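Read the structure below first, then the notes.
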Amino acid sequence: MSIVAKFEVHYSQFLDPHGKAVEPLPEFARDPGNLVALYRWMVLMRAYDAKAIALQRTGQLGTFASLLGHEAVNAGVGSAMERDDVFLPTYRENGVQLMRGVSLKELFLYWGGDERGCDYAGPRRDFPICVTIAAHVTHAVGVAYAMTLRRERRVAVCALGDGATSKGDFYEGLNAAGGWRLPLVFAVTNNQWAISVPRKTQSAAQTLAQKAIAAGMEGIQVDGNDVVAVRHAMDRALAKARAGGGPTLIEALTYRLSDHTTADDASRYRGPDEVAEAWKLEPILRLRSYLMADSAWDKAKEDALLRECNEQVQAAAQAYLDTPPPTAEQMFDHLYAQLPAAFVRQRAAALGDE
Amino acid sequence: MSIVAKFEVHYSQFLDPHGKAVEPLPEFARDPGNLVALYRWMVLMRAYDAKAIALQRTGQLGTFASLLGHEAVNAGVGSAMERDDVFLPTYRENGVQLMRGVSLKELFLYWGGDERGCDYAGPRRDFPICVTIAAHVTHAVGVAYAMTLRRERRVAVCALGDGATSKGDFYEGLNAAGGWRLPLVFAVTNNQWAISVPRKTQSAAQTLAQKAIAAGMEGIQVDGNDVVAVRHAMDRALAKARAGGGPTLIEALTYRLSDHTTADDASRYRGPDEVAEAWKLEPILRLRSYLMADSAWDKAKEDALLRECNEQVQAAAQAYLDTPPPTAEQMFDHLYAQLPAAFVRQRAAALGDE
Amino acid sequence: MAQITLVEAINLALAREMERDESVVVLGEDVGVDGGVFRATLGLAGRFGPGRVLDTPLAEALIAGMAIGMAAEGLKPVAEIQFAGFAYSTIDQILNHAGRMRHRTRGRLSCPMVVRTPCGAGIHAPEHHSESPESMFAHIPGIRVVYPSSPRRAYGLLLAAIRDPDPVVFLEPTRLYRLFKEEVADNGEAAPLDACFTLREGADVTLVTWGPMVPETLAAADELAEQGVSAEVVDVATLKPLDLDTILGSVARTGRCVVVTEAARTCSYASEIAAGLAEEALLNLLAPVQRVTGYDVVVPYSRLEHRYMPGKARIIAAVKKALAFA
Amino acid sequence: MAQITLVEAINLALAREMERDESVVVLGEDVGVDGGVFRATLGLAGRFGPGRVLDTPLAEALIAGMAIGMAAEGLKPVAEIQFAGFAYSTIDQILNHAGRMRHRTRGRLSCPMVVRTPCGAGIHAPEHHSESPESMFAHIPGIRVVYPSSPRRAYGLLLAAIRDPDPVVFLEPTRLYRLFKEEVADNGEAAPLDACFTLREGADVTLVTWGPMVPETLAAADELAEQGVSAEVVDVATLKPLDLDTILGSVARTGRCVVVTEAARTCSYASEIAAGLAEEALLNLLAPVQRVTGYDVVVPYSRLEHRYMPGKARIIAAVKKALAFA
Ligand SMILES: Cc1ncc(C[n+]2csc(CCOP(=O)(O)OP(=O)(O)O)c2C)c(N)n1
Ligand SMILES: Cc1ncc(C[n+]2csc(CCOP(=O)(O)OP(=O)(O)O)c2C)c(N)n1
Ligand SMILES: [Mg+2]
Ligand SMILES: [Mg+2]
C-alpha cells in the first residue's frame, strides 16, 4: 500500500456571526467604503425580495424563488465579476444579476411570466436563469471554452445549489472544465436544502467543495453568510482563471431562510428551531454589525437606505405592472432567426384566434 | 483558513511485473492452488479472446471487444464474487462472466448478434452487457438498493472503464450509492484508453479512484495487472459491503493491449512503443512467473492447459456456429410479457414477410 | 365512496398497491416527508417507511436507472419525476434499457416499473413546467404510455400500470390534479390498459383526445350539443399501445374526426391518430381529419400560455370546418 | 469533380466551412486524431488544430450542453454524437435549451449549432448502433432536423446547417456512408434547407422517404417501373420544418402515397407525413396512405436486423395495395 494522492479542503471565514473579524481582512475589505457598497446591494436585494413575495401573494406575480439569506453570496459573486465576464445563474441569484446590470423591472417581468424579462438591456451576454437544475453547468463549459479559444481574459461564472451537485450535468461540466483548465468559477450555494431534501440526503460527501477533487480542480468552502469570505474567494478564483490557472469550485455555506418558492411550505419538512438558529447567522445583520462597530454605518444611513431601496423597488414594480402584456406573435417571432414557411400559417392562426 | 476535510488515495500491488512479491501476500494467495485456479481462468480468457477475434476476422462473428490485457482484472473480480451477488458488466468483462457461469457459447452468440446470448443459463440475475457507457451504474444502484431493502447479504458489482467515469450516469450512481451506503462495488478498469481518447483527456483528476471522494465513499487504486491486488481489493470491498459498510470504488490500472474493438485500428492514435511497454506489464506472464518460481506451475502443465482451453473454446465456437439463426417472431415474443393486441398484426406481417 | 381529486386518486392508488404488494416502492425528489410537490405521495413515507418511499438525490437519470435496477431485481418501483420538463434526461434510460431489458435477455430480466410525471401547461408555473412529451415516449418500443384524465380513471389505470409486468410511463395532467372531483371507490380494481374510453357518444363527429385536454374537449362537445351537433368524445387514455379500433369504430359511424392535443403539432401524438385514420379509415371519412394542437413553438411563459393552448373555441371551429366540408 | 462517398462529403463540408469561418469548431468523442469512428472528421484536427477540433470526455449531455454555451458565446459548434443510440441523453439539452435560447431571451442569445449523429440500422453493429430517432427530434420546437441521403445533398445540406443561425440536428445515414459515390463539387454552395427533393418523377404513386431508406425506395421505384408502375420519389431531407407542399403537390398528381421509414412505426415521422395528408389531401387520395415502417419493436441484434428493416419487397407490396384500392 502506498499513497498516490492527497487532498485537503479548506474553509474560510473573515467575519463571524457577530460581525467580528476573526482573520485579518483582505485588501478590498479594509476600505469600509467597499463594504458599505456591498451592504447597500444586500439591502436592495432584500427589499426586492420582499416586494416580489408581496406581489406574488397578491396575485400580481407568478411563483417566486426567494433569495432571503443568500445576500452575501449574491453580493460576493456579483461584486467580484468583471463586466464582460459571463454569468450563468439559477433562479436564486437575482442579486448577482442586479449587480451586473439586470434591471429590477426585468426581474419582475421574468417572474411575472414574460420572456422579455430575459432580454437584459445591461449584461447582453449573461445567460438567462436556468430552471433545469445543473444543465447550465455544461453551457458554462462551452462559454469558457470559447473565451479560451479566442484568448480572451474573460471568465464564466456558473451559480448553482447544493441539490444541483447531484446531477450528472454538474459533474460532466466540472470534469470537462478541469480537463481543459477553463476560466470558469463554480459558485455553489449550499443553503442546506433542495426543496424538502436536506443536504445530507444529496450526498455522503462531507463537503460539496470536495466534489472538485473528482474533476482534478481546486475546491474551497467559505462561510456564505460572510460577504468578505465569498468575495475574497471569488477574487482569487477569478484572478486564477484569468491567469490561465483553470477553474475553481467555491462552496458557500448559507441557509435558505425562505420557503423554496412561494409555492412551497417549508414548515412541512423542517422545524422552526432550525430556521431560528439560521437567522442568527444571516448575512445582512452580520455586515451591519461590523460596519456599525467600525462607525462606517449608523441608524440614519440605514433608514435612508431602506427608504431609497423601497422606492426603487416600488418604482420598478410599477413599471412592471404597467407593461402591456405580451402578444401572441411573440410565441413565433423569436423562435427562429426567421420563421420557416411551414410555421407562417400557424402564426397567422394564432394571431387570428382571440 | 482551516482544513475541513482530508483525503488520501492508496495504491496496492503485491506482485511486481516480474512476478516477484513486493508485499506479504494476502491469505487466499498463500495457497498456490488458489492462484493456479486464477491462472487457469486467465488463460481460458485469452484463448477465448483469440478465438473470438479469429471468428470475427473470418466473418463468423460481429464486432468484438477484446479483453487482451484485462485478464487479471477479470479474474480478480470474478473470483471474489459470490454466486448470488449480481454482476453488471460492460463488453470488456467476458472473463468475469465466464467465471460466473455464463457459457462460452452464450458469449459467442452475443457477439454473433443474437439476443439469446444474454439469456444466461447460469447467473440468472446478472445483468446483460451494457453497451451505453455508464448507464448501468444507475441500474447497479437500484439492484443494491433492492438487496438492502430486503436485508440480504448480497452485493452488486458494477464494472466500467476509464472513459465511463466522465459520464453523468456514473457520477449520479456513485453519489447515490454513497448516500445510501449501498452494498455495491465499482470496479473501474482504467486501461488508459477510451477508443482513441487517452485517460488524461477524460479528466484532470490524478487518479480515478479519487472520484469516490465526490461521493463520500472509499476509493482505492490497484495494479490491475496483478491479480492478487485486484482480488484482495475486491475481497475487502465485498466484505465491507456485506457488513453494511457501504460501497467502494476500485480503480484497476491496466492497459488495453488490443484495438478498441475489431472495428478499430489503434495504430491511428497510439504508437507501438507504448504498446510494447505495456506488454511488459501484462498479467498472465506475471502470474506465471510467480507460479513457476514457486514451482506451482511448469511447462507441461502450461501445454496441457493451453490445449484444454483451446479445445473448450473450439467446441463452444462450433456450438455457436451450429445454432440455428433466430427467427422473426423473436422480435416480438419478448418485447412485452404478453404482446399487446395492437402489435399482433405487425407480428403476423413480420412472419409473413420473407 | 368519497369525492376526490385526480391527485388524491393517484395517492389512493399508490397507498392501496403499496399495502397489497410489499415489493412496490416509491422514489423521486421530495416524495418522502414532503409528499411530493403536488402531494401525490402524501403520507406514504409515514405509513410505509422511508425504505419504501425514497427521497432521491436531484438526478433524474439516476431515478429512472435506479428504477430499472430495482425492477430487474424484483421490486416494483414507482418513480416520480417532478415535472415532465425534467423527464427528458430519463429518455435514454427508458428507451435504451427499461424498454429493452426483457427483449435483450429474452425474458430473463424484466422491468415492471412505472415512471410517473405531471404534464401539461396551464398552471401558470415557471418555464419547463408545461411539457407535453407524450409522443416522444409513445415512440419507444417495449413500454406503455398512459395518460388518465379523471380521478376514477387515474386510480384504476395507475393500479393497472403498477401491476403491469412491463415499464409504463404514466403521465398525469397537472391542470386536472385539482380541477374537479369524482367518486372513486378504493376497491383495488384496475382499469383496463390498452383501451380507449368513449366518454360521450355522438353521431356527427368524433373528438379524440387524452389527458389534460379531455375536459376542454367535453366542454366543446357540450357547447356543440347546444348548437345541435352531436359529438362523440374518445379519451385515448393508453397512448401506447393504441386501441385504434375504438377510434375507427367511432369514425366509421360519424365520418368526421378532430384530434385534440396541447402538444406542439409536428410529430405530436395527434399525428399518430391522424395517420392511423389516413391508413384505415379513408372510405369512412367524409371530411379531412383535423389536428387541433399546440403550435410548433416553445410553450410561452405563463403570461401568454393561454394563447398557446388549444381551447374550446379552436375545437369547435375545427368541428364546424369538418361539418362544412362538402 | 471527384466521386466521393457520403461520409467523405460530410468531411469535405466540415473542412470547407472551418476554412471559411474560423468560428466553426468541431467537438465530440474521438473526432480528433482518430478522425471520428466513421472518419467524418478525418484530418480536421491536423489541419485546424486541437483547439478547433476537440476530443471531449465521454459525456453526451456535456457535448450538447457545451455546444449550446459555445454557440451562445459566438462560436459555431458542430458536435458529433458517436451513434444516435447515445444521442438520447442530449435531448434534454437540445429541447430545453438549444431550441429555446433564442425564444427565451427574445433574440438576445441564440444557438447556431449543429449536432451530427450517424443513424439507422443495417451495418451489423452491436446494440444501440441502429437507432432512428428522427421523429423525437422533429417534435422539438425551435430546431431544424435534416437527414440527407446522398453525398451531394449531404455536402450542401451540412453547409446550410452550419451556416443556419439556429440549432440543427443533422442525422447521417450510417448505411449510406460508403454505399455509393457521387460527384460532389466542393464549391461551398449550400443546398436549400426546408425543402423536399423530388428524386424521381412519376404519375401513379408518390413514395415519400428520407435518409437511409432513400436508395431502397429508389430501387423499389426502379422495379416498379419495370412492371409498368410509375412512382414519384420524394426525399424529405429536412424533416423539420417540413415542406409539405411538395408532397401535397405530388400526391395531387398521383393520388396515392406510401411513406417509408425504418423507424418503429408508432409516432414515427411517417405518421407526421400521413397526418399531413389526412388533413390536406383527402380529396386527392385515391387510396389510403400507407406507412411502410420498422415494427414497433426494439431493433434486433444484427443477426435479425434484416427482418426488421423494411425492404424493397414491402415497399412494392404497399404500392400494389395502393394501386389495387378501388
Ligand atoms: C433537472 C431538474 N429537476 C428537478 C427540478 C425541480 N426543482 C426545482 S428547484 C429544486 C431543488 C434545487 O435545489 P438546490 O440545487 O439546492 O437549489 P436551491 O433551490 O436550494 O437554491 C428542484 C428539485 C428542476 N428544476 N430541474
Ligand atoms: C453513452 C455512450 N457513448 C459513446 C459510446 C461509444 N463508445 C463505445 S466504447 C467507448 C469508449 C469506452 O471507454 P472506456 O469506458 O474506457 O472502456 P474501454 O472500452 O476502454 O473498456 C465509446 C466512446 C457508448 N457506447 N456509449
Ligand atoms: Mg439548496
Ligand atoms: Mg478504457
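Ordering of the C-alpha cells sets the chain letters (A, B, ...), residue numbers begin anew at 1 in every chain, and ligands are numbered from 1 in the order given.
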
Counting only C-alpha atoms, which residues from chain A have an atom at most 7 Å from any atom of chain C, and could you show them as a VMD selection string? chain A and resid 62 to 63 113 to 115 131 to 132 163 to 164 166 to 168 196 to 197 201 to 202 268 to 269 326 328 331 to 332 335 346

Save out the residues we just selected, N, CA, C and O atoms, as a CSV table (one decimal), in the first residue's frame.
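Dumped to result.csv:
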chain,number,residue,atom,x,y,z
A,62,GLY,N,-46.0,35.6,-10.7
A,62,GLY,CA,-46.0,34.1,-10.6
A,62,GLY,C,-45.2,33.6,-9.5
A,62,GLY,O,-44.8,34.3,-8.6
A,63,THR,N,-45.1,32.3,-9.5
A,63,THR,CA,-44.2,31.6,-8.5
A,63,THR,C,-42.9,32.3,-8.4
A,63,THR,O,-42.2,32.5,-9.4
A,113,GLY,N,-43.8,36.0,-15.7
A,113,GLY,CA,-44.2,35.1,-16.8
A,113,GLY,C,-44.0,35.7,-18.1
A,113,GLY,O,-44.9,35.5,-19.0
A,114,ASP,N,-43.0,36.5,-18.3
A,114,ASP,CA,-42.8,37.2,-19.6
A,114,ASP,C,-41.4,37.1,-20.0
A,114,ASP,O,-40.5,37.6,-19.3
A,115,GLU,N,-41.1,36.5,-21.2
A,115,GLU,CA,-39.8,36.3,-21.7
A,115,GLU,C,-39.0,37.6,-21.8
A,115,GLU,O,-37.8,37.6,-21.8
A,131,VAL,N,-33.6,27.0,-15.3
A,131,VAL,CA,-34.5,26.4,-14.4
A,131,VAL,C,-34.2,24.9,-14.3
A,131,VAL,O,-34.4,24.3,-13.2
A,132,THR,N,-33.8,24.3,-15.4
A,132,THR,CA,-33.5,22.8,-15.3
A,132,THR,C,-32.1,22.7,-14.6
A,132,THR,O,-31.1,23.1,-15.1
A,163,GLY,N,-28.4,21.0,-4.2
A,163,GLY,CA,-29.1,20.0,-4.9
A,163,GLY,C,-28.5,19.7,-6.3
A,163,GLY,O,-28.4,18.6,-6.8
A,164,ALA,N,-28.1,20.8,-7.0
A,164,ALA,CA,-27.6,20.7,-8.3
A,164,ALA,C,-26.3,19.8,-8.4
A,164,ALA,O,-26.0,19.2,-9.4
A,166,SER,N,-25.8,17.0,-7.3
A,166,SER,CA,-26.1,15.6,-7.5
A,166,SER,C,-26.4,15.2,-9.0
A,166,SER,O,-26.5,14.0,-9.3
A,167,LYS,N,-26.5,16.2,-9.8
A,167,LYS,CA,-27.0,15.9,-11.2
A,167,LYS,C,-25.8,15.7,-12.1
A,167,LYS,O,-24.7,16.3,-12.0
A,168,GLY,N,-26.0,14.7,-13.0
A,168,GLY,CA,-24.9,14.3,-13.9
A,168,GLY,C,-24.3,15.5,-14.7
A,168,GLY,O,-23.1,15.6,-14.9
A,196,SER,N,-37.4,20.0,-0.3
A,196,SER,CA,-37.5,19.4,1.0
A,196,SER,C,-36.4,18.4,1.4
A,196,SER,O,-36.4,17.8,2.4
A,197,VAL,N,-35.5,18.3,0.4
A,197,VAL,CA,-34.4,17.3,0.6
A,197,VAL,C,-33.2,18.0,1.3
A,197,VAL,O,-32.6,18.9,0.7
A,201,THR,N,-28.9,14.2,2.4
A,201,THR,CA,-29.5,13.2,1.5
A,201,THR,C,-29.0,13.3,0.1
A,201,THR,O,-29.0,12.4,-0.7
A,202,GLN,N,-28.5,14.5,-0.3
A,202,GLN,CA,-27.9,14.7,-1.6
A,202,GLN,C,-26.6,13.9,-1.8
A,202,GLN,O,-26.4,13.3,-2.8
A,268,ARG,N,-43.5,22.1,6.4
A,268,ARG,CA,-43.8,20.7,6.3
A,268,ARG,C,-42.6,19.8,6.5
A,268,ARG,O,-42.8,18.6,6.8
A,269,TYR,N,-41.4,20.3,6.3
A,269,TYR,CA,-40.3,19.4,6.3
A,269,TYR,C,-39.1,19.9,7.2
A,269,TYR,O,-38.1,19.2,7.3
A,326,PRO,N,-47.6,40.6,-23.2
A,326,PRO,CA,-47.0,40.1,-24.5
A,326,PRO,C,-48.2,39.7,-25.4
A,326,PRO,O,-49.2,39.4,-25.0
A,328,ALA,N,-49.6,37.6,-29.0
A,328,ALA,CA,-49.4,36.2,-29.4
A,328,ALA,C,-48.3,36.0,-30.4
A,328,ALA,O,-47.6,34.9,-30.5
A,331,MET,N,-44.9,34.4,-29.5
A,331,MET,CA,-44.6,33.0,-29.5
A,331,MET,C,-43.7,32.6,-30.7
A,331,MET,O,-43.0,31.6,-30.7
A,332,PHE,N,-43.9,33.3,-31.8
A,332,PHE,CA,-43.3,32.9,-33.0
A,332,PHE,C,-42.1,33.7,-33.4
A,332,PHE,O,-41.2,33.2,-34.1
A,335,LEU,N,-38.5,32.5,-32.3
A,335,LEU,CA,-38.3,31.1,-32.3
A,335,LEU,C,-37.2,30.7,-33.2
A,335,LEU,O,-36.3,29.9,-32.8
A,346,GLN,N,-49.3,28.8,-39.0
A,346,GLN,CA,-49.6,28.7,-37.6
A,346,GLN,C,-49.6,30.0,-36.9
A,346,GLN,O,-50.4,30.3,-36.0

Contacts of ligand 3, 12 Å or closer, only C-alpha atoms and all ligand atoms, given as a PDB file with C-alpha atoms, in the first residue's frame:
ATOM      1  CA  ALA A  65     -37.967  31.875  -5.533  1.00  0.00           C
ATOM      2  CA  SER A  66     -36.771  33.993  -2.648  1.00  0.00           C
ATOM      3  CA  LEU A  67     -33.115  34.742  -2.044  1.00  0.00           C
ATOM      4  CA  GLY A  69     -30.411  34.702   3.416  1.00  0.00           C
ATOM      5  CA  HIS A  70     -28.390  34.483   0.219  1.00  0.00           C
ATOM      6  CA  THR A  90     -30.131  29.863 -11.394  1.00  0.00           C
ATOM      7  CA  TYR A  91     -33.315  31.387 -10.044  1.00  0.00           C
ATOM      8  CA  ARG A  92     -31.689  32.272  -6.732  1.00  0.00           C
ATOM      9  CA  ILE A 133     -31.085  22.197 -12.472  1.00  0.00           C
ATOM     10  CA  ALA A 159     -24.016  29.556  -9.993  1.00  0.00           C
ATOM     11  CA  LEU A 160     -25.749  26.505  -8.634  1.00  0.00           C
ATOM     12  CA  GLY A 161     -27.217  24.995  -5.500  1.00  0.00           C
ATOM     13  CA  ASP A 162     -26.412  22.045  -3.271  1.00  0.00           C
ATOM     14  CA  GLY A 163     -29.113  19.957  -4.945  1.00  0.00           C
ATOM     15  CA  ALA A 164     -27.555  20.665  -8.324  1.00  0.00           C
ATOM     16  CA  THR A 165     -24.342  18.942  -7.293  1.00  0.00           C
ATOM     17  CA  SER A 166     -26.133  15.579  -7.508  1.00  0.00           C
ATOM     18  CA  VAL A 188     -22.167  26.595  -5.294  1.00  0.00           C
ATOM     19  CA  THR A 189     -24.653  27.974  -2.815  1.00  0.00           C
ATOM     20  CA  ASN A 190     -25.103  25.285  -0.227  1.00  0.00           C
ATOM     21  CA  ASN A 191     -28.236  26.509   1.507  1.00  0.00           C
ATOM     22  CA  GLN A 192     -28.769  23.110   3.143  1.00  0.00           C
ATOM     23  CA  TRP A 193     -31.964  22.331   1.288  1.00  0.00           C
ATOM     24  CA  ALA A 194     -33.143  21.332  -2.174  1.00  0.00           C
ATOM     25  CA  ILE A 195     -36.848  21.900  -1.741  1.00  0.00           C
ATOM     26  CA  SER A 196     -37.540  19.376   1.045  1.00  0.00           C
ATOM     27  CA  VAL A 197     -34.405  17.325   0.612  1.00  0.00           C
ATOM     28  CA  PRO A 198     -31.672  18.121   3.104  1.00  0.00           C
ATOM     29  CA  ARG A 199     -28.068  18.456   2.109  1.00  0.00           C
ATOM     30  CA  LYS A 200     -27.049  15.155   3.648  1.00  0.00           C
ATOM     31  CA  THR A 201     -29.540  13.237   1.510  1.00  0.00           C
ATOM     32  CA  GLN A 202     -27.920  14.661  -1.607  1.00  0.00           C
ATOM     33  CA  LEU A 208     -19.500  19.877  -1.544  1.00  0.00           C
ATOM     34  CA  GLU A 251     -18.940  26.081  -1.824  1.00  0.00           C
ATOM     35  CA  ALA A 252     -20.631  28.891   0.071  1.00  0.00           C
ATOM     36  CA  LEU A 253     -22.353  27.680   3.226  1.00  0.00           C
ATOM     37  CA  THR A 254     -25.563  29.505   3.937  1.00  0.00           C
ATOM     38  CA  TYR A 255     -29.176  28.785   4.641  1.00  0.00           C
ATOM     39  CA  ARG A 256     -32.412  29.172   2.726  1.00  0.00           C
ATOM     40  CA  LEU A 257     -34.352  31.307   5.198  1.00  0.00           C
ATOM     41  CA  SER A 258     -37.420  31.296   2.966  1.00  0.00           C
ATOM     42  CA  ASP A 259     -39.657  28.598   1.596  1.00  0.00           C
ATOM     43  CA  HIS A 260     -38.234  27.004  -1.536  1.00  0.00           C
ATOM     44  CA  THR A 261     -40.567  29.163  -3.599  1.00  0.00           C
TER      45      THR A 261
ATOM     46  CA  PRO C  57     -30.749  12.958  -4.820  1.00  0.00           C
ATOM     47  CA  LEU C  58     -31.581  15.500  -7.516  1.00  0.00           C
TER      48      LEU C  58
END

Mind the document's chain letters and residue numbers, and return as a PyMOL selection string the residues of segment 181-261 of chain B that DSSP labels strand (DSSP E). chain B and resi 184-190+193-194+197-198+218-223+248-253

At a cut-off of 10 Å, list the chain B residues touching chain A, using only C-alpha atoms, as a ChimeraX atom specification. /B:1-14,23,165-181,200-217,220-222,229

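Distance check against ligand 2 using only C-alpha atoms and all ligand atoms: of D:Ala84, D:Leu323, D:Ala9, D:Leu54, the minimum falls on D:Ala84.
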
Just the residues within 10 Å of Arg152 of chain C, please, counting only C-alpha atoms, with nothing from its chain fewer than 3 positions along; format it as a compact mmCIF listing (two decimals) with all heavy atoms, in the first residue's frame.
# COMPACT_ATOMS: atom_id res chain seq x y z
N GLN C 3 -65.69 11.68 -2.76
CA GLN C 3 -65.42 12.55 -3.91
C GLN C 3 -63.97 13.02 -3.78
O GLN C 3 -63.64 13.69 -2.80
CB GLN C 3 -66.33 13.78 -3.85
CG GLN C 3 -67.80 13.50 -4.11
CD GLN C 3 -68.13 13.66 -5.58
OE1 GLN C 3 -67.31 14.12 -6.36
NE2 GLN C 3 -69.34 13.26 -5.95
N ILE C 4 -63.15 12.66 -4.71
CA ILE C 4 -61.75 13.07 -4.58
C ILE C 4 -61.22 13.64 -5.90
O ILE C 4 -61.79 13.45 -6.97
CB ILE C 4 -60.84 11.91 -4.13
CG1 ILE C 4 -60.90 10.73 -5.11
CG2 ILE C 4 -61.20 11.46 -2.72
CD1 ILE C 4 -59.92 9.63 -4.79
N THR C 5 -60.09 14.32 -5.75
CA THR C 5 -59.45 14.91 -6.93
C THR C 5 -58.57 13.87 -7.62
O THR C 5 -58.32 12.79 -7.07
CB THR C 5 -58.56 16.09 -6.54
OG1 THR C 5 -57.51 15.61 -5.69
CG2 THR C 5 -59.35 17.18 -5.81
N LEU C 6 -58.09 14.24 -8.77
CA LEU C 6 -57.23 13.33 -9.52
C LEU C 6 -55.94 13.03 -8.75
O LEU C 6 -55.51 11.88 -8.66
CB LEU C 6 -56.93 13.92 -10.89
CG LEU C 6 -56.42 12.97 -11.97
CD1 LEU C 6 -56.74 13.49 -13.36
CD2 LEU C 6 -54.94 12.66 -11.87
N ALA C 9 -56.60 10.69 -6.09
CA ALA C 9 -56.80 9.34 -6.63
C ALA C 9 -55.47 8.65 -6.88
O ALA C 9 -55.31 7.44 -6.62
CB ALA C 9 -57.62 9.40 -7.92
N ILE C 10 -54.50 9.41 -7.35
CA ILE C 10 -53.15 8.87 -7.54
C ILE C 10 -52.62 8.40 -6.19
O ILE C 10 -52.08 7.29 -6.04
CB ILE C 10 -52.21 9.97 -8.11
CG1 ILE C 10 -52.68 10.46 -9.48
CG2 ILE C 10 -50.76 9.50 -8.13
CD1 ILE C 10 -52.46 9.51 -10.61
N PRO C 148 -54.11 9.43 -17.93
CA PRO C 148 -55.51 9.48 -17.50
C PRO C 148 -56.04 10.90 -17.49
O PRO C 148 -55.27 11.86 -17.54
CB PRO C 148 -55.45 8.93 -16.08
CG PRO C 148 -54.10 9.33 -15.59
CD PRO C 148 -53.20 9.24 -16.81
N SER C 149 -57.36 11.01 -17.37
CA SER C 149 -57.96 12.34 -17.43
C SER C 149 -59.06 12.55 -16.40
O SER C 149 -59.75 13.56 -16.45
CB SER C 149 -58.52 12.57 -18.84
OG SER C 149 -59.58 11.66 -19.08
N TYR C 155 -57.07 6.44 -10.91
CA TYR C 155 -56.94 5.41 -9.87
C TYR C 155 -56.80 4.03 -10.52
O TYR C 155 -55.85 3.28 -10.24
CB TYR C 155 -58.18 5.45 -8.97
CG TYR C 155 -58.23 4.37 -7.93
CD1 TYR C 155 -57.56 4.51 -6.71
CD2 TYR C 155 -58.96 3.19 -8.15
CE1 TYR C 155 -57.62 3.50 -5.75
CE2 TYR C 155 -59.02 2.19 -7.20
CZ TYR C 155 -58.35 2.34 -6.00
OH TYR C 155 -58.40 1.35 -5.05
N GLY C 156 -57.72 3.70 -11.37
CA GLY C 156 -57.72 2.36 -11.97
C GLY C 156 -56.54 2.13 -12.89
O GLY C 156 -55.93 1.05 -12.90
N LEU C 157 -56.19 3.14 -13.65
CA LEU C 157 -55.08 2.97 -14.59
C LEU C 157 -53.74 2.91 -13.86
O LEU C 157 -52.84 2.20 -14.27
CB LEU C 157 -55.08 4.10 -15.62
CG LEU C 157 -56.24 4.04 -16.64
CD1 LEU C 157 -56.31 5.33 -17.46
CD2 LEU C 157 -56.07 2.82 -17.56
N LEU C 158 -53.62 3.66 -12.77
CA LEU C 158 -52.34 3.59 -12.05
C LEU C 158 -52.18 2.21 -11.41
O LEU C 158 -51.09 1.62 -11.44
CB LEU C 158 -52.24 4.70 -10.99
CG LEU C 158 -50.91 4.73 -10.23
CD1 LEU C 158 -49.70 4.76 -11.17
CD2 LEU C 158 -50.84 5.92 -9.28
N LYS C 181 -63.65 16.94 -8.84
CA LYS C 181 -63.66 15.73 -8.03
C LYS C 181 -64.59 14.70 -8.65
O LYS C 181 -65.48 15.04 -9.43
CB LYS C 181 -64.12 16.05 -6.61
CG LYS C 181 -63.16 16.95 -5.85
CD LYS C 181 -63.57 17.09 -4.40
CE LYS C 181 -62.52 17.89 -3.63
NZ LYS C 181 -62.67 17.73 -2.19
N GLU C 182 -64.38 13.47 -8.26
CA GLU C 182 -65.19 12.39 -8.78
C GLU C 182 -65.28 11.34 -7.68
O GLU C 182 -64.37 11.21 -6.86
CB GLU C 182 -64.47 11.79 -10.01
CG GLU C 182 -65.36 11.19 -11.05
CD GLU C 182 -64.54 10.72 -12.27
OE1 GLU C 182 -63.48 10.08 -12.08
OE2 GLU C 182 -64.96 10.99 -13.40
N GLU C 183 -66.33 10.59 -7.67
CA GLU C 183 -66.40 9.48 -6.73
C GLU C 183 -65.47 8.37 -7.18
O GLU C 183 -65.53 7.91 -8.31
CB GLU C 183 -67.84 8.94 -6.68
CG GLU C 183 -68.73 9.78 -5.81
CD GLU C 183 -69.99 9.04 -5.39
OE1 GLU C 183 -70.28 7.97 -5.97
OE2 GLU C 183 -70.66 9.54 -4.48
N VAL C 184 -64.61 7.96 -6.28
CA VAL C 184 -63.69 6.88 -6.60
C VAL C 184 -63.80 5.82 -5.51
O VAL C 184 -63.56 6.10 -4.33
CB VAL C 184 -62.24 7.40 -6.68
CG1 VAL C 184 -61.29 6.23 -6.95
CG2 VAL C 184 -62.10 8.46 -7.77
N ALA C 185 -64.17 4.63 -5.91
CA ALA C 185 -64.23 3.52 -4.95
C ALA C 185 -62.83 2.96 -4.78
O ALA C 185 -62.21 2.54 -5.76
CB ALA C 185 -65.17 2.45 -5.47
N ASP C 186 -62.34 2.96 -3.57
CA ASP C 186 -60.99 2.43 -3.33
C ASP C 186 -61.07 0.92 -3.16
O ASP C 186 -60.81 0.36 -2.11
CB ASP C 186 -60.40 3.10 -2.08
CG ASP C 186 -58.97 2.65 -1.84
OD1 ASP C 186 -58.35 2.09 -2.76
OD2 ASP C 186 -58.47 2.86 -0.71
N ALA C 191 -58.23 -0.49 -13.88
CA ALA C 191 -58.94 -0.21 -15.13
C ALA C 191 -58.17 -0.88 -16.26
O ALA C 191 -56.97 -1.13 -16.15
CB ALA C 191 -59.03 1.30 -15.36

DSSP-assigned helix (DSSP H, G or I) among segment 19-120 of chain B, expressed as a PyMOL selection string: chain B and resi 27-30+32-57+71-80+94-99+104-111+115-118
